[in-house]
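K.L.:
Got a structure for you, final.cif, holding mmCIF, C-alpha atoms and all ligand atoms.
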```cif
data_work
#
loop_
_atom_site.label_atom_id
_atom_site.label_comp_id
_atom_site.auth_asym_id
_atom_site.auth_seq_id
_atom_site.Cartn_x
_atom_site.Cartn_y
_atom_site.Cartn_z
CA MET A 15 100.85 99.04 -47.81
CA CYS A 16 99.79 97.80 -44.47
CA GLU A 17 96.32 98.59 -43.30
CA HIS A 18 97.40 100.15 -40.08
CA HIS A 19 96.43 99.57 -36.58
CA GLU A 20 93.99 97.43 -34.96
CA GLU A 21 90.74 99.18 -35.18
CA VAL A 22 89.15 99.04 -38.59
CA ALA A 23 89.32 96.60 -41.44
CA ARG A 24 89.24 98.40 -44.74
CA PRO A 25 86.78 97.32 -47.40
CA SER A 26 88.05 95.22 -50.24
CA VAL A 27 87.46 98.00 -52.75
CA ALA A 28 90.18 100.05 -51.10
CA ARG A 29 92.49 97.11 -50.74
CA ARG A 30 92.23 96.41 -54.45
CA THR A 31 93.80 99.70 -55.36
CA LEU A 32 96.91 98.88 -53.38
CA ILE A 33 98.17 96.04 -55.48
CA ARG A 34 98.89 96.77 -59.06
CA GLY A 35 101.62 97.29 -61.56
CA ALA A 36 104.43 95.08 -62.72
CA GLY A 37 106.84 96.56 -60.22
CA GLY A 38 105.03 95.07 -57.29
CA LEU A 39 102.90 96.95 -54.82
CA LEU A 40 102.37 100.54 -55.66
CA LEU A 41 100.43 103.44 -54.34
CA GLY A 42 98.57 105.65 -56.70
CA GLY A 43 96.43 108.73 -56.78
CA GLY A 44 93.40 106.57 -57.36
CA LEU A 45 93.73 105.44 -53.82
CA VAL A 46 92.62 108.73 -52.39
CA THR A 47 88.89 109.00 -52.50
CA ALA A 48 86.43 111.79 -52.01
CA SER A 49 86.17 111.00 -48.34
CA ALA A 50 89.78 111.97 -47.94
CA THR A 51 89.00 115.57 -48.76
CA ALA A 52 86.74 115.95 -45.80
CA ALA A 53 89.46 114.63 -43.56
CA SER A 54 92.20 116.79 -45.01
CA ALA A 55 92.46 119.06 -41.99
CA ALA A 56 92.69 116.12 -39.66
CA THR A 57 95.59 114.50 -37.96
CA SER A 58 96.73 110.94 -38.26
CA GLN A 59 96.26 108.44 -35.47
CA ASN A 60 99.44 109.54 -33.68
CA GLY A 61 98.43 113.22 -33.68
CA TRP A 62 100.50 114.54 -36.59
CA PRO A 63 98.95 116.77 -39.30
CA ALA A 64 97.94 114.63 -42.24
CA GLY A 65 97.49 115.49 -45.88
CA TYR A 66 98.28 114.86 -49.50
CA SER A 67 101.93 114.87 -50.45
CA SER A 68 101.51 118.49 -51.59
CA GLN A 69 100.11 119.52 -48.22
CA ILE A 70 102.70 118.33 -45.75
CA PRO A 71 106.50 118.58 -45.74
CA LEU A 72 108.06 115.39 -47.08
CA SER A 73 111.60 114.42 -47.93
CA ARG A 74 112.78 111.59 -50.07
CA LEU A 75 113.99 108.56 -48.13
CA VAL A 76 116.48 106.21 -49.77
CA VAL A 77 118.03 103.33 -47.84
CA GLY A 78 120.22 100.88 -49.71
CA PRO A 79 118.37 100.08 -52.92
CA ALA A 80 114.98 101.08 -51.53
CA ASP A 81 113.41 104.40 -52.45
CA PHE A 82 110.37 104.94 -50.24
CA PRO A 83 107.59 106.34 -52.44
CA ALA A 84 106.62 109.91 -51.46
CA GLY A 85 109.24 109.85 -48.72
CA VAL A 86 108.53 110.63 -45.10
CA ARG A 87 107.94 113.76 -43.06
CA THR A 88 110.83 116.21 -43.21
CA GLY A 89 112.96 116.90 -40.15
CA GLN A 90 113.10 114.85 -36.98
CA VAL A 91 110.72 112.19 -38.28
CA HIS A 92 112.90 111.72 -41.38
CA THR A 93 115.99 111.32 -39.23
CA ILE A 94 114.32 108.79 -36.94
CA LEU A 95 112.54 106.67 -39.55
CA GLY A 96 115.65 106.79 -41.74
CA TYR A 97 117.68 105.52 -38.82
CA VAL A 98 115.23 102.66 -38.25
CA ALA A 99 115.21 101.76 -41.95
CA ARG A 100 119.02 101.80 -42.17
CA ARG A 101 119.40 99.53 -39.17
CA MET A 102 116.68 97.22 -40.51
CA HIS A 103 118.56 97.08 -43.82
CA ASN A 104 121.98 96.51 -42.24
CA GLU A 105 121.07 94.25 -39.36
CA VAL A 106 117.75 92.54 -39.99
CA GLU A 107 116.95 92.13 -43.69
CA ALA A 108 118.15 93.81 -46.86
CA LEU A 109 115.49 96.22 -48.10
CA VAL A 110 113.99 95.56 -51.51
CA ASP A 111 113.11 98.46 -53.77
CA GLY A 112 109.40 98.53 -54.54
CA TRP A 113 108.56 96.73 -51.29
CA CYS A 114 109.01 99.70 -48.96
CA TRP A 115 106.61 102.59 -48.51
CA GLY A 116 106.46 105.91 -46.76
CA HIS A 117 103.82 108.64 -47.04
CA ALA A 118 100.41 107.82 -48.39
CA TYR A 119 97.27 109.83 -47.70
CA ARG A 120 94.62 107.36 -46.83
CA PRO A 121 91.74 107.57 -44.43
CA ILE A 122 90.63 104.36 -42.89
CA SER A 123 87.21 103.72 -44.29
CA GLY A 124 84.41 103.70 -41.76
CA SER A 125 86.53 105.72 -39.37
CA THR A 126 87.75 109.27 -39.06
CA THR A 127 91.15 107.91 -38.16
CA LEU A 128 93.87 108.50 -40.71
CA SER A 129 96.74 106.11 -41.11
CA ASN A 130 100.02 107.40 -39.75
CA HIS A 131 101.30 107.05 -43.29
CA SER A 132 98.98 109.99 -44.01
CA SER A 133 101.18 112.30 -41.97
CA GLY A 134 104.43 110.83 -43.30
CA THR A 135 105.24 109.38 -39.90
CA ALA A 136 105.23 105.68 -40.76
CA ILE A 137 107.14 103.32 -43.03
CA ASP A 138 106.56 99.81 -44.30
CA ILE A 139 109.50 97.53 -44.89
CA ASN A 140 109.57 94.63 -47.39
CA ALA A 141 105.81 94.40 -47.26
CA PRO A 142 105.27 91.21 -49.30
CA ARG A 143 107.44 89.28 -46.85
CA HIS A 144 105.59 90.59 -43.82
CA PRO A 145 101.93 90.77 -44.79
CA LEU A 146 99.35 92.43 -42.61
CA GLY A 147 97.90 90.11 -40.04
CA ALA A 148 100.72 87.60 -40.23
CA ALA A 149 102.73 86.94 -37.08
CA GLY A 150 106.18 85.37 -36.98
CA THR A 151 107.38 86.68 -40.34
CA PHE A 152 110.75 87.49 -38.76
CA SER A 153 113.02 84.89 -37.17
CA SER A 154 113.74 85.07 -33.45
CA THR A 155 117.21 86.43 -34.22
CA GLN A 156 115.70 89.13 -36.41
CA VAL A 157 113.15 89.99 -33.72
CA SER A 158 115.90 90.38 -31.15
CA ARG A 159 117.65 92.81 -33.50
CA ILE A 160 114.40 94.70 -34.04
CA ARG A 161 114.06 94.90 -30.24
CA SER A 162 117.54 96.40 -30.09
CA ILE A 163 116.54 99.09 -32.59
CA LEU A 164 113.29 99.85 -30.75
CA SER A 165 115.11 99.97 -27.43
CA TYR A 166 117.55 102.50 -28.85
CA CYS A 167 114.57 104.63 -29.88
CA ASP A 168 113.27 104.81 -26.30
CA GLY A 169 109.59 104.37 -27.14
CA VAL A 170 109.53 107.00 -29.88
CA VAL A 171 109.02 104.31 -32.51
CA ARG A 172 106.38 101.61 -32.39
CA TRP A 173 106.52 98.40 -34.40
CA GLY A 174 103.36 96.94 -35.92
CA GLY A 175 104.53 93.54 -34.70
CA ASP A 176 103.71 94.79 -31.22
CA TYR A 177 100.07 95.55 -31.98
CA SER A 178 97.97 93.64 -29.52
CA THR A 179 95.48 92.26 -31.99
CA ARG A 180 96.20 92.26 -35.69
CA LYS A 181 99.95 92.22 -36.26
CA ASP A 182 101.53 94.43 -38.90
CA GLU A 183 105.15 93.38 -38.95
CA MET A 184 106.16 95.45 -41.98
CA HIS A 185 105.16 98.66 -40.20
CA PHE A 186 107.10 101.15 -38.04
CA GLU A 187 105.66 104.46 -36.89
CA ILE A 188 106.33 107.49 -34.74
CA ASN A 189 104.59 106.87 -31.44
CA VAL A 190 104.78 110.33 -29.86
CA ARG A 191 103.01 113.57 -30.68
CA PRO A 192 104.53 116.57 -32.48
CA GLY A 193 106.77 118.57 -30.17
CA ASP A 194 107.36 115.72 -27.75
CA ALA A 195 110.76 116.27 -26.12
CA ARG A 196 111.73 112.67 -26.75
CA LEU A 197 111.97 113.42 -30.48
CA THR A 198 114.75 115.91 -29.95
CA THR A 199 116.52 113.63 -27.49
CA LEU A 200 116.47 110.76 -29.95
CA VAL A 201 117.56 112.86 -32.93
CA ASN A 202 120.47 114.19 -30.93
CA LYS A 203 121.37 110.65 -29.99
CA ILE A 204 121.20 109.50 -33.62
CA ASN A 205 123.09 112.44 -35.07
CA GLY A 206 125.53 112.57 -32.23
CA GLY A 207 127.27 115.66 -33.56
CA SER A 208 130.68 115.64 -31.95
CA SER A 209 129.47 113.71 -28.94
CA TYR A 210 130.13 110.10 -29.72
CA GLU A 211 129.66 107.35 -27.20
CA THR A 212 132.98 106.81 -25.48
CA ASN A 213 132.04 104.72 -22.46
CA GLU A 214 132.90 101.07 -22.33
CA THR A 215 130.00 98.81 -21.39
CA TRP A 216 131.08 95.25 -20.66
CA THR A 217 128.97 92.22 -19.91
CA THR A 218 130.45 89.95 -17.23
CA VAL A 219 130.86 86.34 -18.35
CA ARG A 220 131.69 83.34 -16.16
CA ARG A 221 131.71 79.57 -16.06
CA GLY A 222 128.43 78.08 -17.23
CA ALA A 223 127.85 80.77 -19.84
CA SER A 224 127.56 79.97 -23.52
CA GLY A 225 127.11 81.83 -26.76
CA PHE A 226 128.67 84.62 -28.76
CA ARG A 227 130.53 86.28 -25.87
CA VAL A 228 132.16 83.01 -24.84
CA THR A 229 133.17 82.37 -28.44
CA ALA A 230 134.82 85.81 -28.53
CA ILE A 231 136.62 85.17 -25.23
CA GLN A 232 137.95 81.84 -26.50
CA HIS A 233 139.25 83.39 -29.71
CA LEU A 234 140.89 86.18 -27.70
CA LEU A 235 142.53 83.65 -25.37
CA ARG A 236 143.88 81.86 -28.43
CA ALA A 237 145.11 85.19 -29.75
CA ARG A 238 146.89 85.59 -26.40
CA GLY A 239 148.64 82.27 -26.90
CA TYR A 240 146.40 80.00 -24.83
CA SER A 241 145.46 76.70 -26.38
CA LEU A 242 141.79 75.79 -26.19
CA THR A 243 138.90 74.73 -28.37
CA VAL A 244 136.47 77.42 -29.52
CA ASP A 245 133.08 75.89 -28.76
CA GLY A 246 131.17 78.82 -27.26
CA SER A 247 130.82 77.00 -23.97
CA PHE A 248 132.49 78.43 -20.82
CA GLY A 249 133.63 75.28 -19.00
CA SER A 250 136.47 74.41 -16.66
CA ILE A 251 139.16 74.59 -19.34
CA THR A 252 138.13 78.07 -20.45
CA GLU A 253 137.95 79.10 -16.82
CA SER A 254 141.48 77.82 -16.12
CA LYS A 255 142.81 79.71 -19.15
CA VAL A 256 141.11 82.90 -17.98
CA ILE A 257 142.69 82.44 -14.53
CA SER A 258 146.13 81.98 -16.12
CA PHE A 259 145.61 85.10 -18.20
CA GLN A 260 144.47 87.09 -15.17
CA ARG A 261 147.55 86.01 -13.17
CA SER A 262 149.81 87.02 -16.04
CA ARG A 263 148.26 90.49 -15.94
CA GLY A 264 148.18 90.96 -12.19
CA LEU A 265 144.37 90.90 -12.17
CA VAL A 266 142.20 89.21 -9.57
CA ALA A 267 142.43 85.56 -10.68
CA ASP A 268 138.80 84.55 -10.23
CA GLY A 269 138.15 83.14 -13.69
CA ILE A 270 135.38 85.67 -14.25
CA VAL A 271 135.58 87.91 -17.31
CA GLY A 272 134.42 91.27 -15.98
CA PRO A 273 135.30 94.78 -17.19
CA LYS A 274 138.98 94.67 -16.18
CA THR A 275 139.60 91.25 -17.70
CA TRP A 276 137.70 92.16 -20.86
CA GLY A 277 139.71 95.36 -21.14
CA ALA A 278 142.98 93.44 -20.84
CA LEU A 279 141.88 90.62 -23.14
CA VAL A 280 140.69 92.54 -26.19
CA ILE A 281 143.12 93.49 -28.93
CA THR A 282 142.72 96.61 -31.04
CA CYS A 283 142.28 95.62 -34.67
CA GLN A 284 142.04 97.54 -37.90
CA GLN A 285 142.39 97.04 -41.62
CA GLY A 286 145.44 94.85 -42.19
CA SER A 287 145.09 92.99 -38.86
CA THR A 288 144.90 89.21 -38.96
CA GLY A 289 144.38 86.31 -36.59
CA GLN A 290 142.09 85.05 -33.87
CA ALA A 291 141.03 88.47 -32.60
CA VAL A 292 139.87 89.33 -36.11
CA VAL A 293 137.94 86.08 -36.29
CA ALA A 294 136.23 87.09 -33.04
CA ILE A 295 135.34 90.52 -34.45
CA GLN A 296 133.97 89.01 -37.68
CA LYS A 297 131.81 86.55 -35.74
CA LEU A 298 130.54 89.31 -33.43
CA LEU A 299 129.66 91.51 -36.39
CA THR A 300 127.80 88.62 -38.00
CA TYR A 301 125.95 88.05 -34.73
CA ARG A 302 124.92 91.72 -34.80
CA GLY A 303 123.60 91.36 -38.33
CA TYR A 304 126.64 92.65 -40.23
CA SER A 305 127.37 89.34 -41.91
CA LEU A 306 130.95 88.52 -42.74
CA THR A 307 133.11 85.52 -43.53
CA ALA A 308 135.15 84.75 -40.41
CA ASP A 309 138.46 84.31 -42.21
CA GLY A 310 140.63 86.18 -39.71
CA SER A 311 141.69 88.76 -42.25
CA PHE A 312 140.62 92.38 -41.61
CA GLY A 313 140.10 93.74 -45.12
CA SER A 314 138.03 96.51 -46.64
CA ILE A 315 134.75 94.60 -46.28
CA THR A 316 135.34 93.99 -42.58
CA LYS A 317 136.21 97.65 -42.18
CA SER A 318 133.00 98.79 -43.90
CA LYS A 319 130.95 96.56 -41.59
CA VAL A 320 132.77 97.91 -38.54
CA VAL A 321 132.04 101.47 -39.67
CA ALA A 322 128.35 100.64 -40.21
CA PHE A 323 128.16 99.06 -36.76
CA GLN A 324 129.90 102.04 -35.18
CA GLN A 325 127.51 104.45 -36.89
CA SER A 326 124.52 102.46 -35.69
CA ARG A 327 125.73 102.68 -32.08
CA ARG A 328 126.92 106.29 -32.32
CA LEU A 329 130.55 105.29 -31.88
CA TYR A 330 133.29 107.21 -33.63
CA PRO A 331 133.14 105.61 -37.10
CA ASP A 332 136.83 105.09 -37.79
CA GLY A 333 136.66 101.38 -38.64
CA ILE A 334 139.11 100.59 -35.83
CA VAL A 335 137.96 98.08 -33.23
CA GLY A 336 139.30 99.42 -29.96
CA ARG A 337 138.05 98.87 -26.43
CA VAL A 338 134.84 100.88 -26.78
CA THR A 339 133.81 99.13 -30.00
CA TRP A 340 134.80 95.76 -28.53
CA SER A 341 132.59 96.48 -25.53
CA ARG A 342 129.59 97.37 -27.71
CA LEU A 343 130.10 94.27 -29.85
CA THR A 344 130.07 92.05 -26.77
CA VAL A 345 127.57 93.87 -24.58
ZN ZN B 401 102.32 100.71 -42.53
#
```
As structure tokens, please, write out the structure in this file.

P.N.:
Amino acid sequence: MCEHHEEVARPSVARRTLIRGAGGLLLGGGLVTASATAASAATSQNGWPAGYSSQIPLSRLVVGPADFPAGVRTGQVHTILGYVARRMHNEVEALVDGWCWGHAYRPISGSTTLSNHSSGTAIDINAPRHPLGAAGTFSSTQVSRIRSILSYCDGVVRWGGDYSTRKDEMHFEINVRPGDARLTTLVNKINGGSSYETNETWTTVRRGASGFRVTAIQHLLRARGYSLTVDGSFGSITESKVISFQRSRGLVADGIVGPKTWGALVITCQQGSTGQAVVAIQKLLTYRGYSLTADGSFGSITKSKVVAFQQSRRLYPDGIVGRVTWSRLTV
């Protein structure tokens, strides 16, 4: 369990109770002390009602193999923290059972402030790998994926890695008060109902660019019959092939891969598809954290990763990579 927030260091006597048992780091009833009783009517740091697990509404949270002890607050909080945990598991780092925590009623000693875990509005992920106070426990690639998750959550979720003083990189918490309209907005966005994202969002790529988008473009040009080396670097040869492709399609032949060229270049793929376009999809999924072997063969594993990616972006989860999914993979 992380110690939460920047303000108060807990005494070692409290810390001792956190680490015990053969299964790793566990929380137990012994953790809650007499001082907790006095604070039982209080709210946690983020303004949510706090209490023992019998006093506040909690639901079990299971993500991959990880069962978060005591769960998290029922309702919108459960949806949001579950979403964060699923994307962490799928895109950043596989969750480990016994290393993830949810609700725990614990006042911060020497302070009237209760941990946000006390209201069931915080989770810790793979704690032993991301100990309190340690910075840089995630790679830069992982951090960029965490940023993507946080960005999706529009400020509703705060990451302990963003604390200004003592970092707490295992920790994610609800950062708005009960009833805040942004909760409903985010839950609707996550659940989607029948309203899936259907807009294409393309990133324009031109000569001088490098990286995963260029790699995808080069594979797609190969899939279209153009001969070139896939090196992830958009040089004069790639540009000349793009111009040839644009001419063949009656597009403006400027060598720039904008929305119209992207739309013409991508190839819809699904289970059973093979070839260079599938290689591009597999590499893009790996880049997004859904690791795959780029063997150019769209099998059941590739399909399951496509579905997981689509669910994470609120795309219709049919496992078919059409223009909208292509655009989200390359955005
Ligand atoms: Zn925490």

K.L.:
As a quick test: using all atoms listed in the file, which residues lie no more than 10 Å away from ligand ZN 401 (chain B)? Give them as a list of chain:residue names.

P.N.:
A:Met15, A:Cys16, A:Glu17, A:His18, A:His19, A:Cys114, A:Trp115, A:Gly116, A:His117, A:Ala118, A:Ser129, A:Asn130, A:His131, A:Ser132, A:Thr135, A:Ala136, A:Ile137, A:Asp138, A:Ile139, A:Ala141, A:Leu146, A:Trp173, A:Gly174, A:Asp182, A:Glu183, A:Met184, A:His185, A:Phe186, A:Glu187

K.L.:
For Ile315 (chain A), list every protein, DNA or RNA residue within 9 Å, evaluated using only C-alpha atoms, and leave out those in the same chain fewer than 4 positions away; present the list as a PDB file with C-alpha atoms, keeping the file's coordinate frame.

P.N.:
```pdb
ATOM      1  CA  LEU A 306     130.950  88.520 -42.740  1.00  0.00           C
ATOM      2  CA  LYS A 319     130.950  96.560 -41.590  1.00  0.00           C
ATOM      3  CA  VAL A 320     132.770  97.910 -38.540  1.00  0.00           C
TER       4      VAL A 320
END
```

K.L.:
Restricting the calculation to only C-alpha atoms, which member of A:Arg161, A:Arg261, A:Lys297, A:Lys181 is positioned closest to Val98 (chain A)?

P.N.:
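Closest candidate: A:Arg161.
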
K.L.:
I'd like the interatomic distance between CA of Ile257 (chain A) and CA of Asp309 (chain A), to a tenth of an Å.

P.N.:
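CA of Ile257 (chain A) sits 28.1 Å away from CA of Asp309 (chain A).
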
K.L.:
Give me the residues within 12 Å of Val321 (chain A) as a ChimeraX atom specification, counting all atoms listed in the file and dropping any in the same chain fewer than 2 places off.

P.N.:
/A:104,284-285,299,304,314-319,323-335,339

K.L.:
I need the residue nearest Thr217 (chain A) from this list: A:Ile281, A:Ile231, A:Ala237, A:Ala322. Use only C-alpha atoms for the distance.

P.N.:
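Once distances to Thr217 (chain A) are computed over only C-alpha atoms, the minimum belongs to A:Ile231.
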
K.L.:
Within 12 Å of Lys274 (chain A), counting all atoms listed in the file, which residues qualify if same-chain residues fewer than 2 places away don't, as a PDB file with C-alpha atoms, in the frame of the given file?

P.N.:
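The resulting file, out_24.pdb, is reproduced below:
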```pdb
ATOM      1  CA  GLU A 214     132.900 101.070 -22.330  1.00  0.00           C
ATOM      2  CA  THR A 215     130.000  98.810 -21.390  1.00  0.00           C
ATOM      3  CA  TRP A 216     131.080  95.250 -20.660  1.00  0.00           C
ATOM      4  CA  THR A 217     128.970  92.220 -19.910  1.00  0.00           C
ATOM      5  CA  THR A 218     130.450  89.950 -17.230  1.00  0.00           C
ATOM      6  CA  VAL A 219     130.860  86.340 -18.350  1.00  0.00           C
ATOM      7  CA  PHE A 259     145.610  85.100 -18.200  1.00  0.00           C
ATOM      8  CA  GLN A 260     144.470  87.090 -15.170  1.00  0.00           C
ATOM      9  CA  ARG A 263     148.260  90.490 -15.940  1.00  0.00           C
ATOM     10  CA  GLY A 264     148.180  90.960 -12.190  1.00  0.00           C
ATOM     11  CA  LEU A 265     144.370  90.900 -12.170  1.00  0.00           C
ATOM     12  CA  VAL A 266     142.200  89.210  -9.570  1.00  0.00           C
ATOM     13  CA  ALA A 267     142.430  85.560 -10.680  1.00  0.00           C
ATOM     14  CA  ASP A 268     138.800  84.550 -10.230  1.00  0.00           C
ATOM     15  CA  GLY A 269     138.150  83.140 -13.690  1.00  0.00           C
ATOM     16  CA  ILE A 270     135.380  85.670 -14.250  1.00  0.00           C
ATOM     17  CA  VAL A 271     135.580  87.910 -17.310  1.00  0.00           C
ATOM     18  CA  GLY A 272     134.420  91.270 -15.980  1.00  0.00           C
ATOM     19  CA  TRP A 276     137.700  92.160 -20.860  1.00  0.00           C
ATOM     20  CA  GLY A 277     139.710  95.360 -21.140  1.00  0.00           C
ATOM     21  CA  ALA A 278     142.980  93.440 -20.840  1.00  0.00           C
ATOM     22  CA  LEU A 279     141.880  90.620 -23.140  1.00  0.00           C
ATOM     23  CA  VAL A 280     140.690  92.540 -26.190  1.00  0.00           C
ATOM     24  CA  ARG A 337     138.050  98.870 -26.430  1.00  0.00           C
ATOM     25  CA  SER A 341     132.590  96.480 -25.530  1.00  0.00           C
TER      26      SER A 341
END
```

K.L.:
Could you pull the residues within 9 Å of Leu109 (chain A), counting all atoms listed in the file, minus those fewer than 5 positions along the same chain, as a PyMOL selection string?

P.N.:
chain A and resi 77-80+99-100+102-104+114+139-140

K.L.:
CA of Val170 (chain A) and CA of Val190 (chain A) are how many Å apart?

P.N.:
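Distance reported for this atom pair: 5.8 Å.
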
K.L.:
For Arg74 (chain A), work out the shell of residues within 7 Å, counting all atoms listed in the file and skipping chain neighbours fewer than 4 positions away, then give it as number ranges by chain.

P.N.:
A: 84-86

K.L.:
Give me region 120-147 of chain A from this structure - N, CA and C atoms, as a CSV table (one decimal), in the first residue's frame.

P.N.:
```csv
chain,number,residue,atom,x,y,z
A,120,ARG,N,-7.7,3.8,6.3
A,120,ARG,CA,-6.5,4.1,7.0
A,120,ARG,C,-6.3,5.7,7.2
A,121,PRO,N,-6.4,6.2,8.4
A,121,PRO,CA,-6.1,7.6,8.5
A,121,PRO,C,-4.6,7.8,8.5
A,122,ILE,N,-4.2,8.9,8.0
A,122,ILE,CA,-2.8,9.2,8.0
A,122,ILE,C,-2.4,9.8,9.4
A,123,SER,N,-1.5,9.1,10.0
A,123,SER,CA,-1.2,9.4,11.4
A,123,SER,C,-0.6,10.8,11.5
A,124,GLY,N,-1.1,11.5,12.5
A,124,GLY,CA,-0.6,12.9,12.7
A,124,GLY,C,-1.4,13.9,11.9
A,125,SER,N,-2.4,13.4,11.2
A,125,SER,CA,-3.2,14.3,10.3
A,125,SER,C,-4.7,13.8,10.4
A,126,THR,N,-5.6,14.7,10.1
A,126,THR,CA,-7.0,14.2,10.1
A,126,THR,C,-7.3,13.8,8.6
A,127,THR,N,-6.3,13.9,7.8
A,127,THR,CA,-6.6,13.5,6.4
A,127,THR,C,-6.6,12.0,6.2
A,128,LEU,N,-7.6,11.5,5.6
A,128,LEU,CA,-7.7,10.0,5.3
A,128,LEU,C,-7.2,9.8,3.9
A,129,SER,N,-6.5,8.7,3.7
A,129,SER,CA,-6.1,8.3,2.4
A,129,SER,C,-7.3,8.1,1.5
A,130,ASN,N,-7.2,8.4,0.2
A,130,ASN,CA,-8.3,8.2,-0.7
A,130,ASN,C,-8.6,6.7,-0.8
A,131,HIS,N,-7.7,5.8,-0.4
A,131,HIS,CA,-8.1,4.4,-0.3
A,131,HIS,C,-9.2,4.2,0.7
A,132,SER,N,-9.3,5.1,1.7
A,132,SER,CA,-10.3,5.0,2.7
A,132,SER,C,-11.7,5.2,2.2
A,133,SER,N,-11.8,5.8,1.1
A,133,SER,CA,-13.2,6.0,0.5
A,133,SER,C,-13.4,5.1,-0.7
A,134,GLY,N,-12.4,4.2,-1.0
A,134,GLY,CA,-12.5,3.3,-2.1
A,134,GLY,C,-12.4,4.0,-3.4
A,135,THR,N,-11.7,5.1,-3.4
A,135,THR,CA,-11.5,5.9,-4.6
A,135,THR,C,-10.1,5.9,-5.1
A,136,ALA,N,-9.3,4.9,-4.7
A,136,ALA,CA,-7.9,4.9,-5.2
A,136,ALA,C,-7.5,3.4,-5.4
A,137,ILE,N,-6.6,3.2,-6.3
A,137,ILE,CA,-6.0,1.8,-6.4
A,137,ILE,C,-4.5,1.9,-6.5
A,138,ASP,N,-3.8,0.9,-6.1
A,138,ASP,CA,-2.4,0.7,-6.3
A,138,ASP,C,-2.1,-0.5,-7.2
A,139,ILE,N,-1.2,-0.3,-8.1
A,139,ILE,CA,-0.9,-1.3,-9.1
A,139,ILE,C,0.5,-1.8,-9.0
A,140,ASN,N,0.7,-3.1,-8.9
A,140,ASN,CA,2.0,-3.7,-8.8
A,140,ASN,C,2.9,-3.0,-7.9
A,141,ALA,N,2.5,-2.8,-6.7
A,141,ALA,CA,3.2,-2.0,-5.7
A,141,ALA,C,4.7,-2.3,-5.5
A,142,PRO,N,5.1,-3.6,-5.4
A,142,PRO,CA,6.5,-3.8,-5.1
A,142,PRO,C,7.4,-3.3,-6.3
A,143,ARG,N,6.9,-3.2,-7.5
A,143,ARG,CA,7.7,-2.7,-8.6
A,143,ARG,C,7.7,-1.2,-8.6
A,144,HIS,N,6.8,-0.5,-7.9
A,144,HIS,CA,6.7,0.9,-8.0
A,144,HIS,C,6.6,1.5,-6.6
A,145,PRO,N,7.6,1.3,-5.8
A,145,PRO,CA,7.5,1.7,-4.3
A,145,PRO,C,7.4,3.2,-4.1
A,146,LEU,N,6.7,3.5,-3.0
A,146,LEU,CA,6.5,4.9,-2.7
A,146,LEU,C,7.8,5.6,-2.6
A,147,GLY,N,7.8,6.8,-3.2
A,147,GLY,CA,9.0,7.6,-3.1
A,147,GLY,C,9.9,7.4,-4.3
```
